[in-house]
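S.K.: What follows is entry14.pdb; its format and atoms are PDB, C-alpha atoms.
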```
MODEL        1
ATOM      1  CA  MET Q   1      -6.757  34.743   9.657
ATOM      2  CA  ARG Q   2      -3.549  33.507   8.033
ATOM      3  CA  LEU Q   3      -5.342  32.907   4.787
ATOM      4  CA  GLU Q   4      -6.617  36.490   4.730
ATOM      5  CA  SER Q   5      -3.206  37.965   5.343
ATOM      6  CA  ALA Q   6      -1.758  35.812   2.565
ATOM      7  CA  SER Q   7      -4.374  36.927   0.069
ATOM      8  CA  VAL Q   8      -4.151  40.636   0.916
ATOM      9  CA  GLU Q   9      -0.364  40.755   1.096
ATOM     10  CA  PRO Q  10       1.250  38.547  -1.543
ATOM     11  CA  GLU Q  11       4.725  39.571  -0.357
ATOM     12  CA  VAL Q  12       5.100  37.342   2.684
ATOM     13  CA  GLU Q  13       7.315  38.630   5.448
ATOM     14  CA  PRO Q  14      10.553  36.665   5.905
ATOM     15  CA  GLN Q  15       9.803  35.891   9.575
ATOM     16  CA  SER Q  16       6.397  34.360   8.903
ATOM     17  CA  SER Q  17       7.676  32.420   5.883
ATOM     18  CA  ARG Q  18      10.114  30.529   8.061
ATOM     19  CA  THR Q  19       7.272  28.475   9.584
ATOM     20  CA  PRO Q  20       7.278  25.056   7.902
ATOM     21  CA  ALA Q  21       3.941  23.754   6.645
ATOM     22  CA  VAL Q  22       4.440  20.438   8.413
ATOM     23  CA  ARG Q  23       5.735  19.879  11.902
ATOM     24  CA  LEU Q  24       4.939  17.784  14.907
ATOM     25  CA  GLN Q  25       6.602  20.200  17.273
ATOM     26  CA  GLY Q  26       4.846  23.358  18.438
ATOM     27  CA  GLU Q  27       6.349  26.749  19.197
ATOM     28  CA  GLY Q  28       7.380  26.765  22.838
ATOM     29  CA  ALA Q  29       5.293  24.884  25.411
ATOM     30  CA  PRO Q  30       2.201  23.205  23.958
ATOM     31  CA  GLN Q  31      -1.121  24.595  25.166
ATOM     32  CA  ARG Q  32      -3.163  21.512  24.185
ATOM     33  CA  LEU Q  33      -2.522  18.107  22.638
ATOM     34  CA  PRO Q  34      -1.718  18.787  18.955
ATOM     35  CA  THR Q  35      -3.647  16.906  16.289
ATOM     36  CA  ALA Q  36      -0.376  15.365  15.054
ATOM     37  CA  VAL Q  37      -0.010  13.578  18.413
ATOM     38  CA  ILE Q  38      -3.601  12.314  18.301
ATOM     39  CA  ARG Q  39      -3.079  11.197  14.709
ATOM     40  CA  VAL Q  40      -0.230   8.946  15.884
ATOM     41  CA  LEU Q  41      -1.723   7.833  19.204
ATOM     42  CA  VAL Q  42      -5.219   6.727  18.157
ATOM     43  CA  PRO Q  43      -4.220   4.192  15.464
ATOM     44  CA  GLY Q  44      -1.068   3.297  17.408
ATOM     45  CA  VAL Q  45      -2.970   2.390  20.567
ATOM     46  CA  TYR Q  46      -5.450   0.419  18.465
ATOM     47  CA  ALA Q  47      -2.668  -1.502  16.675
ATOM     48  CA  TRP Q  48      -0.922  -2.117  20.008
ATOM     49  CA  LEU Q  49      -4.130  -3.381  21.640
ATOM     50  CA  VAL Q  50      -5.060  -5.753  18.830
ATOM     51  CA  THR Q  51      -1.667  -7.084  17.748
ATOM     52  CA  VAL Q  52       0.579  -6.732  20.810
ATOM     53  CA  ALA Q  53      -1.458  -6.490  24.028
ATOM     54  CA  LEU Q  54      -4.090  -9.147  23.305
ATOM     55  CA  PRO Q  55      -1.636 -11.882  22.205
ATOM     56  CA  SER Q  56       0.667 -11.195  25.157
ATOM     57  CA  ALA Q  57      -2.290 -11.229  27.593
ATOM     58  CA  GLN Q  58      -2.914 -14.918  26.888
ATOM     59  CA  ARG Q  59      -2.919 -17.173  29.929
ATOM     60  CA  ASP Q  60      -0.019 -19.280  28.644
ATOM     61  CA  ALA Q  61       2.201 -16.267  27.922
ATOM     62  CA  SER Q  62       5.141 -15.693  30.250
ATOM     63  CA  ALA Q  63       5.979 -12.381  31.964
ATOM     64  CA  LEU Q  64       8.637 -11.335  29.435
ATOM     65  CA  PRO Q  65       6.282 -10.626  26.503
ATOM     66  CA  LYS Q  66       3.989  -8.739  28.877
ATOM     67  CA  VAL Q  67       6.870  -6.527  30.017
ATOM     68  CA  SER Q  68       7.968  -6.004  26.413
ATOM     69  CA  ALA Q  69       4.385  -5.100  25.406
ATOM     70  CA  PHE Q  70       4.277  -2.568  28.263
ATOM     71  CA  PHE Q  71       7.519  -0.951  27.077
ATOM     72  CA  ALA Q  72       6.074  -0.813  23.567
ATOM     73  CA  LEU Q  73       3.114   1.143  24.953
ATOM     74  CA  VAL Q  74       5.460   3.479  26.855
ATOM     75  CA  CYS Q  75       7.380   4.173  23.622
ATOM     76  CA  LEU Q  76       4.148   4.620  21.680
ATOM     77  CA  ILE Q  77       2.799   7.269  24.064
ATOM     78  CA  GLY Q  78       6.152   8.784  24.986
ATOM     79  CA  GLY Q  79       7.376   9.178  21.400
ATOM     80  CA  PRO Q  80       4.898  11.793  20.125
ATOM     81  CA  VAL Q  81       4.946  13.645  23.454
ATOM     82  CA  VAL Q  82       8.752  13.853  23.532
ATOM     83  CA  ALA Q  83       8.671  14.860  19.840
ATOM     84  CA  LEU Q  84       6.903  18.082  20.859
ATOM     85  CA  TYR Q  85      10.136  19.206  22.501
ATOM     86  CA  ARG Q  86      12.854  17.057  20.878
ATOM     87  CA  GLU Q  87      11.539  15.900  17.512
ATOM     88  CA  ARG Q  88      14.365  13.553  16.540
ATOM     89  CA  VAL Q  89      14.478  11.793  19.920
ATOM     90  CA  GLY Q  90      10.706  11.526  20.041
ATOM     91  CA  ARG Q  91      10.547  10.099  16.538
ATOM     92  CA  ALA Q  92      13.216   7.493  17.366
ATOM     93  CA  LEU Q  93      11.354   6.520  20.539
ATOM     94  CA  GLY Q  94       7.904   6.512  18.934
ATOM     95  CA  VAL Q  95       8.837   4.658  15.744
ATOM     96  CA  TYR Q  96      11.906   2.510  16.413
ATOM     97  CA  GLY Q  97      11.202   1.979  20.113
ATOM     98  CA  PHE Q  98       7.575   1.038  19.601
ATOM     99  CA  VAL Q  99       8.194  -1.209  16.576
ATOM    100  CA  GLY Q 100      11.252  -2.756  18.261
ATOM    101  CA  PHE Q 101       9.403  -3.692  21.443
ATOM    102  CA  ALA Q 102       6.391  -4.916  19.432
ATOM    103  CA  VAL Q 103       8.658  -7.227  17.391
ATOM    104  CA  MET Q 104      10.378  -8.378  20.585
ATOM    105  CA  THR Q 105       6.969  -9.210  22.089
ATOM    106  CA  TRP Q 106       6.035 -11.282  19.053
ATOM    107  CA  LEU Q 107       9.367 -13.112  19.147
ATOM    108  CA  LEU Q 108       9.004 -13.829  22.862
ATOM    109  CA  LEU Q 109       5.477 -15.148  22.330
ATOM    110  CA  GLY Q 110       6.834 -17.801  19.960
ATOM    111  CA  ASP Q 111       4.314 -20.553  19.238
ATOM    112  CA  LEU Q 112       1.517 -18.669  20.993
ATOM    113  CA  LEU Q 113       1.433 -16.386  17.954
ATOM    114  CA  SER Q 114       0.998 -19.118  15.351
ATOM    115  CA  GLY Q 115      -1.212 -18.379  12.360
ATOM    116  CA  ALA Q 116      -3.772 -21.015  13.348
ATOM    117  CA  LYS Q 117      -4.492 -19.232  16.655
ATOM    118  CA  LEU Q 118      -4.936 -15.795  15.115
ATOM    119  CA  ASP Q 119      -8.352 -14.431  14.280
ATOM    120  CA  PRO Q 120      -8.040 -13.399  10.589
ATOM    121  CA  LEU Q 121     -10.419 -10.434  10.927
ATOM    122  CA  ARG Q 122      -8.653  -9.100  14.011
ATOM    123  CA  ALA Q 123      -5.276  -9.558  12.352
ATOM    124  CA  ALA Q 124      -6.477  -7.721   9.236
ATOM    125  CA  LEU Q 125      -7.868  -4.838  11.307
ATOM    126  CA  GLY Q 126      -4.637  -4.745  13.301
ATOM    127  CA  SER Q 127      -2.604  -4.383  10.112
ATOM    128  CA  VAL Q 128      -4.873  -1.478   9.121
ATOM    129  CA  GLY Q 129      -4.095   0.087  12.522
ATOM    130  CA  TRP Q 130      -0.353  -0.320  11.854
ATOM    131  CA  ALA Q 131      -0.713   1.292   8.443
ATOM    132  CA  LEU Q 132      -2.577   4.271   9.948
ATOM    133  CA  PHE Q 133       0.067   4.529  12.681
ATOM    134  CA  ALA Q 134       2.758   4.726   9.980
ATOM    135  CA  PHE Q 135       0.775   7.410   8.131
ATOM    136  CA  GLY Q 136       0.381   9.303  11.430
ATOM    137  CA  TRP Q 137       4.156   9.674  11.710
ATOM    138  CA  GLY Q 138       4.322  10.844   8.129
ATOM    139  CA  SER Q 139       4.434  14.461   7.062
ATOM    140  CA  VAL Q 140       0.824  15.337   6.439
ATOM    141  CA  ARG Q 141      -0.040  18.985   5.905
ATOM    142  CA  GLU Q 142      -1.496  20.544   9.029
ATOM    143  CA  VAL Q 143      -4.990  21.967   8.913
ATOM    144  CA  GLY Q 144      -4.728  25.689   8.138
ATOM    145  CA  ALA Q 145      -1.081  25.489   7.046
ATOM    146  CA  ILE Q 146      -0.190  27.340   3.847
ATOM    147  CA  PRO Q 147       2.281  25.370   1.699
ATOM    148  CA  GLU Q 148       3.515  28.533  -0.029
ATOM    149  CA  GLN Q 149       4.815  29.769   3.331
ATOM    150  CA  ASP Q 150       7.307  26.920   3.490
ATOM    151  CA  PRO Q 151      10.839  28.343   3.029
ATOM    152  CA  HIS Q 152      11.507  25.572   0.460
ATOM    153  CA  ALA Q 153       8.472  26.474  -1.655
ATOM    154  CA  LEU Q 154       9.172  27.513  -5.269
ATOM    155  CA  THR Q 155       7.592  30.869  -5.869
ATOM    156  CA  GLY Q 156       6.486  32.264  -9.197
ATOM    157  CA  ALA Q 157       3.903  31.285 -11.777
ATOM    158  CA  PRO Q 158       2.495  27.770 -11.303
ATOM    159  CA  LEU Q 159       3.960  25.178 -13.668
ATOM    160  CA  THR Q 160       1.536  23.919 -16.263
ATOM    161  CA  ALA Q 161       1.176  20.229 -17.050
ATOM    162  CA  ARG Q 162       2.829  19.152 -20.314
ATOM    163  CA  SER Q 163      -0.050  16.871 -21.222
ATOM    164  CA  MET Q 164      -3.473  15.833 -19.984
ATOM    165  CA  LEU Q 165      -4.346  12.407 -18.634
ATOM    166  CA  PRO Q 166      -6.262  10.241 -21.111
ATOM    167  CA  LYS Q 167      -9.985   9.935 -20.566
ATOM    168  CA  GLY Q 168     -10.882   7.219 -18.077
ATOM    169  CA  ALA Q 169      -7.388   7.024 -16.541
ATOM    170  CA  GLY Q 170      -8.897   7.349 -13.073
ATOM    171  CA  VAL Q 171     -11.342   4.520 -13.720
ATOM    172  CA  VAL Q 172      -8.534   2.187 -14.862
ATOM    173  CA  MET Q 173      -6.459   3.149 -11.827
ATOM    174  CA  GLY Q 174      -9.455   2.569  -9.542
ATOM    175  CA  LEU Q 175     -10.013  -0.825 -11.144
ATOM    176  CA  GLY Q 176      -6.380  -1.736 -10.517
ATOM    177  CA  LEU Q 177      -6.533  -0.551  -6.902
ATOM    178  CA  ALA Q 178      -9.746  -2.506  -6.256
ATOM    179  CA  GLY Q 179      -8.205  -5.557  -7.912
ATOM    180  CA  ALA Q 180      -5.075  -5.227  -5.762
ATOM    181  CA  VAL Q 181      -7.187  -5.583  -2.613
ATOM    182  CA  VAL Q 182      -8.601  -8.958  -3.775
ATOM    183  CA  PRO Q 183      -5.452 -11.118  -3.320
ATOM    184  CA  ILE Q 184      -4.546  -9.285  -0.092
ATOM    185  CA  PHE Q 185      -7.984 -10.095   1.330
ATOM    186  CA  LEU Q 186      -7.925 -13.705   0.085
ATOM    187  CA  ALA Q 187      -4.469 -14.279   1.610
ATOM    188  CA  TRP Q 188      -6.050 -14.037   5.066
ATOM    189  CA  ARG Q 189      -8.084 -17.152   4.308
ATOM    190  CA  ILE Q 190      -4.996 -19.396   4.093
ATOM    191  CA  ASP Q 191      -4.843 -21.443   7.294
ATOM    192  CA  ARG Q 192      -1.509 -23.306   6.847
ATOM    193  CA  PRO Q 193       1.125 -21.113   8.582
ATOM    194  CA  LEU Q 194       3.938 -21.545   6.060
ATOM    195  CA  HIS Q 195       1.612 -21.245   3.089
ATOM    196  CA  ALA Q 196      -0.068 -18.230   4.706
ATOM    197  CA  LEU Q 197       3.296 -16.463   4.823
ATOM    198  CA  LEU Q 198       3.912 -17.325   1.178
ATOM    199  CA  GLY Q 199       0.351 -16.268   0.318
ATOM    200  CA  HIS Q 200       0.812 -12.864   1.939
ATOM    201  CA  ALA Q 201       4.139 -12.327   0.191
ATOM    202  CA  VAL Q 202       2.591 -13.321  -3.150
ATOM    203  CA  ALA Q 203      -0.435 -11.105  -2.475
ATOM    204  CA  VAL Q 204       1.755  -8.068  -1.782
ATOM    205  CA  VAL Q 205       3.828  -8.647  -4.936
ATOM    206  CA  VAL Q 206       0.665  -9.152  -6.996
ATOM    207  CA  ALA Q 207      -0.931  -6.017  -5.525
ATOM    208  CA  VAL Q 208       2.143  -3.918  -6.347
ATOM    209  CA  ALA Q 209       2.232  -5.357  -9.884
ATOM    210  CA  LEU Q 210      -1.472  -4.660 -10.397
ATOM    211  CA  VAL Q 211      -1.269  -1.065  -9.166
ATOM    212  CA  THR Q 212       1.829  -0.410 -11.277
ATOM    213  CA  SER Q 213       0.258  -1.962 -14.379
ATOM    214  CA  ALA Q 214      -3.010  -0.096 -13.829
ATOM    215  CA  ALA Q 215      -1.069   3.179 -13.660
ATOM    216  CA  VAL Q 216       0.824   2.318 -16.864
ATOM    217  CA  ILE Q 217      -2.342   1.258 -18.702
ATOM    218  CA  GLY Q 218      -4.339   4.240 -17.431
ATOM    219  CA  VAL Q 219      -1.700   6.825 -18.328
ATOM    220  CA  SER Q 220      -0.263   5.331 -21.515
ATOM    221  CA  ARG Q 221      -3.580   4.872 -23.320
ATOM    222  CA  GLY Q 222      -3.794   7.376 -26.126
ATOM    223  CA  ASN Q 223      -0.026   8.006 -26.051
ATOM    224  CA  THR Q 224       0.685   5.020 -28.258
ATOM    225  CA  ARG Q 225      -0.016   6.640 -31.591
ATOM    226  CA  GLN Q 226       3.567   6.103 -32.790
ATOM    227  CA  HIS Q 227       2.868   2.357 -32.781
ATOM    228  CA  SER Q 228       0.259   0.759 -35.018
ATOM    229  CA  PRO Q 229      -2.293  -1.513 -33.314
ATOM    230  CA  ARG Q 230      -0.782  -4.421 -35.202
ATOM    231  CA  THR Q 231       2.685  -3.698 -33.754
ATOM    232  CA  ARG Q 232       1.220  -3.416 -30.267
ATOM    233  CA  LEU Q 233      -0.523  -6.760 -30.599
ATOM    234  CA  GLU Q 234       2.628  -8.360 -32.006
ATOM    235  CA  LEU Q 235       4.723  -7.122 -29.091
ATOM    236  CA  ALA Q 236       2.236  -8.529 -26.594
ATOM    237  CA  SER Q 237       1.797 -11.748 -28.544
ATOM    238  CA  ARG Q 238       4.553 -13.711 -26.815
ATOM    239  CA  SER Q 239       3.177 -13.395 -23.261
ATOM    240  CA  LEU Q 240      -0.396 -13.566 -24.511
ATOM    241  CA  GLY Q 241       0.381 -16.697 -26.546
ATOM    242  CA  LEU Q 242       2.006 -18.338 -23.532
ATOM    243  CA  ALA Q 243      -1.010 -17.484 -21.381
ATOM    244  CA  VAL Q 244      -3.420 -18.909 -23.972
ATOM    245  CA  ALA Q 245      -1.297 -22.060 -24.287
ATOM    246  CA  LEU Q 246      -1.270 -22.500 -20.502
ATOM    247  CA  LEU Q 247      -5.033 -21.953 -20.332
ATOM    248  CA  SER Q 248      -5.576 -24.523 -23.088
ATOM    249  CA  LEU Q 249      -3.363 -27.043 -21.276
ATOM    250  CA  GLY Q 250      -5.248 -26.396 -18.045
ATOM    251  CA  PHE Q 251      -8.577 -26.836 -19.808
ATOM    252  CA  MET Q 252      -7.447 -30.126 -21.343
ATOM    253  CA  ALA Q 253      -6.109 -31.361 -18.003
ATOM    254  CA  ALA Q 254      -9.418 -30.484 -16.339
ATOM    255  CA  MET Q 255     -11.319 -32.374 -19.040
ATOM    256  CA  LEU Q 256      -9.108 -35.451 -18.709
ATOM    257  CA  TRP Q 257      -9.146 -35.584 -14.896
TER     258      TRP Q 257
ATOM    259  CA  MET R   1      -8.518  -0.050 -33.975
ATOM    260  CA  SER R   2      -6.124   1.577 -31.517
ATOM    261  CA  ARG R   3      -9.024   2.063 -29.101
ATOM    262  CA  ALA R   4      -9.909  -1.602 -29.410
ATOM    263  CA  VAL R   5      -6.354  -2.553 -28.397
ATOM    264  CA  ASP R   6      -6.609  -0.137 -25.441
ATOM    265  CA  LEU R   7      -9.867  -1.800 -24.403
ATOM    266  CA  LEU R   8      -8.298  -5.231 -24.816
ATOM    267  CA  SER R   9      -5.472  -4.249 -22.464
ATOM    268  CA  ILE R  10      -8.015  -3.192 -19.823
ATOM    269  CA  ILE R  11      -9.932  -6.464 -20.252
ATOM    270  CA  LEU R  12      -6.657  -8.391 -19.900
ATOM    271  CA  MET R  13      -5.901  -6.500 -16.697
ATOM    272  CA  VAL R  14      -9.297  -7.513 -15.291
ATOM    273  CA  LEU R  15      -8.626 -11.128 -16.330
ATOM    274  CA  ALA R  16      -5.250 -10.940 -14.568
ATOM    275  CA  ILE R  17      -6.977  -9.711 -11.388
ATOM    276  CA  ALA R  18      -9.352 -12.689 -11.605
ATOM    277  CA  ALA R  19      -6.482 -15.128 -12.218
ATOM    278  CA  PHE R  20      -4.509 -13.787  -9.257
ATOM    279  CA  GLY R  21      -7.619 -13.983  -7.081
ATOM    280  CA  VAL R  22      -8.250 -17.612  -8.080
ATOM    281  CA  GLY R  23      -4.557 -18.378  -7.484
ATOM    282  CA  VAL R  24      -4.444 -17.035  -3.937
ATOM    283  CA  HIS R  25      -7.843 -18.616  -3.216
ATOM    284  CA  ALA R  26      -6.493 -21.982  -4.419
ATOM    285  CA  LEU R  27      -3.588 -21.601  -1.984
ATOM    286  CA  GLY R  28      -6.200 -21.337   0.781
ATOM    287  CA  LYS R  29      -7.937 -24.461  -0.568
ATOM    288  CA  ARG R  30      -4.646 -26.406  -0.238
ATOM    289  CA  ALA R  31      -4.413 -26.788  -4.025
ATOM    290  CA  ASP R  32      -0.814 -25.641  -4.458
ATOM    291  CA  LEU R  33      -0.353 -26.703  -8.088
ATOM    292  CA  GLU R  34      -3.590 -24.994  -9.104
ATOM    293  CA  ALA R  35      -2.479 -21.855  -7.239
ATOM    294  CA  LEU R  36       0.856 -21.804  -9.037
ATOM    295  CA  TYR R  37      -0.895 -22.344 -12.378
ATOM    296  CA  TRP R  38      -3.285 -19.413 -11.936
ATOM    297  CA  LEU R  39      -0.576 -17.101 -10.601
ATOM    298  CA  VAL R  40       1.613 -17.790 -13.651
ATOM    299  CA  VAL R  41      -1.386 -17.282 -15.963
ATOM    300  CA  GLY R  42      -2.173 -14.002 -14.183
ATOM    301  CA  ALA R  43       1.421 -12.791 -14.491
ATOM    302  CA  LEU R  44       1.522 -13.569 -18.231
ATOM    303  CA  VAL R  45      -1.841 -11.930 -18.900
ATOM    304  CA  LEU R  46      -0.840  -8.826 -16.921
ATOM    305  CA  LYS R  47       2.444  -8.607 -18.837
ATOM    306  CA  ALA R  48       0.546  -8.838 -22.118
ATOM    307  CA  ALA R  49      -1.813  -6.069 -20.977
ATOM    308  CA  THR R  50       1.116  -3.786 -20.120
ATOM    309  CA  ASP R  51       3.063  -4.608 -23.302
ATOM    310  CA  MET R  52       0.071  -3.541 -25.373
ATOM    311  CA  VAL R  53       0.020   0.012 -24.068
ATOM    312  CA  ARG R  54       3.751   0.459 -23.614
ATOM    313  CA  PRO R  55       5.525  -1.431 -26.367
ATOM    314  CA  LYS R  56       9.216  -1.344 -25.567
ATOM    315  CA  GLY R  57      10.785  -2.633 -28.776
ATOM    316  CA  GLY R  58       8.259  -1.168 -31.192
ATOM    317  CA  ARG R  59       9.214   0.967 -34.164
TER     318      ARG R  59
ENDMDL
END
```
Reformat the file's structure so that it appears as structure tokens.
M.R.:
Amino acid sequence: MRLESASVEPEVEPQSSRTPAVRLQGEGAPQRLPTAVIRVLVPGVYAWLVTVALPSAQRDASALPKVSAFFALVCLIGGPVVALYRERVGRALGVYGFVGFAVMTWLLLGDLLSGAKLDPLRAALGSVGWALFAFGWGSVREVGAIPEQDPHALTGAPLTARSMLPKGAGVVMGLGLAGAVVPIFLAWRIDRPLHALLGHAVAVVVAVALVTSAAVIGVSRGNTRQHSPRTRLELASRSLGLAVALLSLGFMAAMLW
Amino acid sequence: MSRAVDLLSIILMVLAIAAFGVGVHALGKRADLEALYWLVVGALVLKAATDMVRPKGGR
């Protein structure tokens, strides 16, 4: 219906153009649970169940982490619901309140939450739930919303791209993204707690570096005509030479030992 | 020739992914020195791959 009116009448009325494309809050009293609330609640409840409720439900856990976990759940559910009426308060409750009580639960659990006692698969799935929860609070375009109706939208002729992406840029980027997952996955196999923490930190840094480099390699290919291949090889020779030297040393050490 | 250098940079990126993977895997195998070795190799190879497509000091 809204799409039709937009296509028939290009001149959008000022009143209708004041509706932002993205919002968690509905106009007046909500008739049914908005999708934005479900988008926050479903992954949030999953993340809470796997990473907060289950560890605090252990037999050895005291009452304090259980109470904290309960308050985390209250914030998780209350946040998006309150945000329907008071967006800022609801967001503070749903994000800061929930994360705050979750962290407090983990701190109160202490040694009961050691890396050796955690199931790696459950922990990995829980982190996925947390990531989806974070995305749920983000500003995703609502289904049926028209971005051009946003009052901040720039009207006029669409801007044309100054250049095209080189052929195969997407493949290189995909390769980098797939490669970035490898160290993150392997980090979950480290069983020593302190080393596991280091492994995860290293894996995140490596993943960021790989994605960034993949983007640079994917986009910059073909835009390097001002440099001769010889110059490009010379500029990379220092790091490449060091890598080859290290590999040779490693090979010799492996042969000797 | 320029395409060959482009291809080399992609191959180096794949080698860096492998080196990082072996490094983190070695950390799980309690071989800390080996892990450090492969992570440094991976970082150097990745830097070389990036330098090839985006030479900073080139004329």
S.K.: Starting from chain Q, keep only residues with some atom at most 7 Å from an atom of chain R, counting only C-alpha atoms, and report them as a list in words.
M.R.: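 So the contacting residues turn out to be Gly179, Val182, Pro183, Leu186, Ala187, Arg189, Ile190, Asp191, Gly199, Ser213, Val216, Ile217, Ser220, Arg221, Thr224, His227, Pro229, Thr231, Arg232, Leu233, Leu235, Ala236, Ser239, Leu240, Ala243 and Leu246 of chain Q.
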S.K.: Using only C-alpha atoms, can you tell me which of Q:Phe133, Q:Trp106, Q:Phe98, Q:Trp188 comes closest to Q:Leu73?
M.R.: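 Closest to Q:Leu73, using only C-alpha atoms: Q:Phe98.
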S.K.: What are the centre and the three edge lengths of an axis-aligned box that wraps all atoms of stretch 82-87 of chain Q in the file, given that 8 Å is added to every side, written as lines of an AutoDock Vina configuration file and rounded to one decimal in Å?
M.R.:
```
center_x = 9.9
center_y = 16.5
center_z = 20.5
size_x = 22.0
size_y = 21.4
size_z = 22.0
```
S.K.: What does the structure give for the distance between atom CA of Q:Tyr46 and atom CA of Q:Trp130, in Å to one decimal?
M.R.: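 Atom CA of Q:Trp130 lies at a distance of 8.4 Å from atom CA of Q:Tyr46.
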S.K.: Find the residue from Q:Ile146, Q:Val52, Q:Leu64, Q:Val208 that sits nearest to Q:Leu113; use all atoms listed in the file when measuring.
M.R.: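 Between Q:Ile146, Q:Val52, Q:Leu64, Q:Val208, the residue approaching Q:Leu113 most closely is Q:Val52.
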S.K.: When you draw a straight line from atom CA of Q:Met173 to atom CA of Q:Ala214, how long is it in Å?
M.R.: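 Separation of atom CA of Q:Met173 and atom CA of Q:Ala214: 5.1 Å.
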S.K.: One decimal, in Å: what's the spacing between atom CA of Q:Leu242 and atom CA of Q:Gly218?
M.R.: 24.2 Å
S.K.: For a quick check of understanding, using only C-alpha atoms, which of Q:Leu194, Q:Leu132, Q:Ala123, Q:Val202 has the smallest distance to Q:Val50?
M.R.: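 Of all the options, Q:Ala123 lies closest to Q:Val50.
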S.K.: Under the PyMOL selection byres ((chain Q and resi 99) around 12), which residues of this model are included? Write them out as a ChimeraX atom specification.
M.R.: /Q:44,47-48,51-52,68-69,71-76,79,91-98,100-106,130,133-134
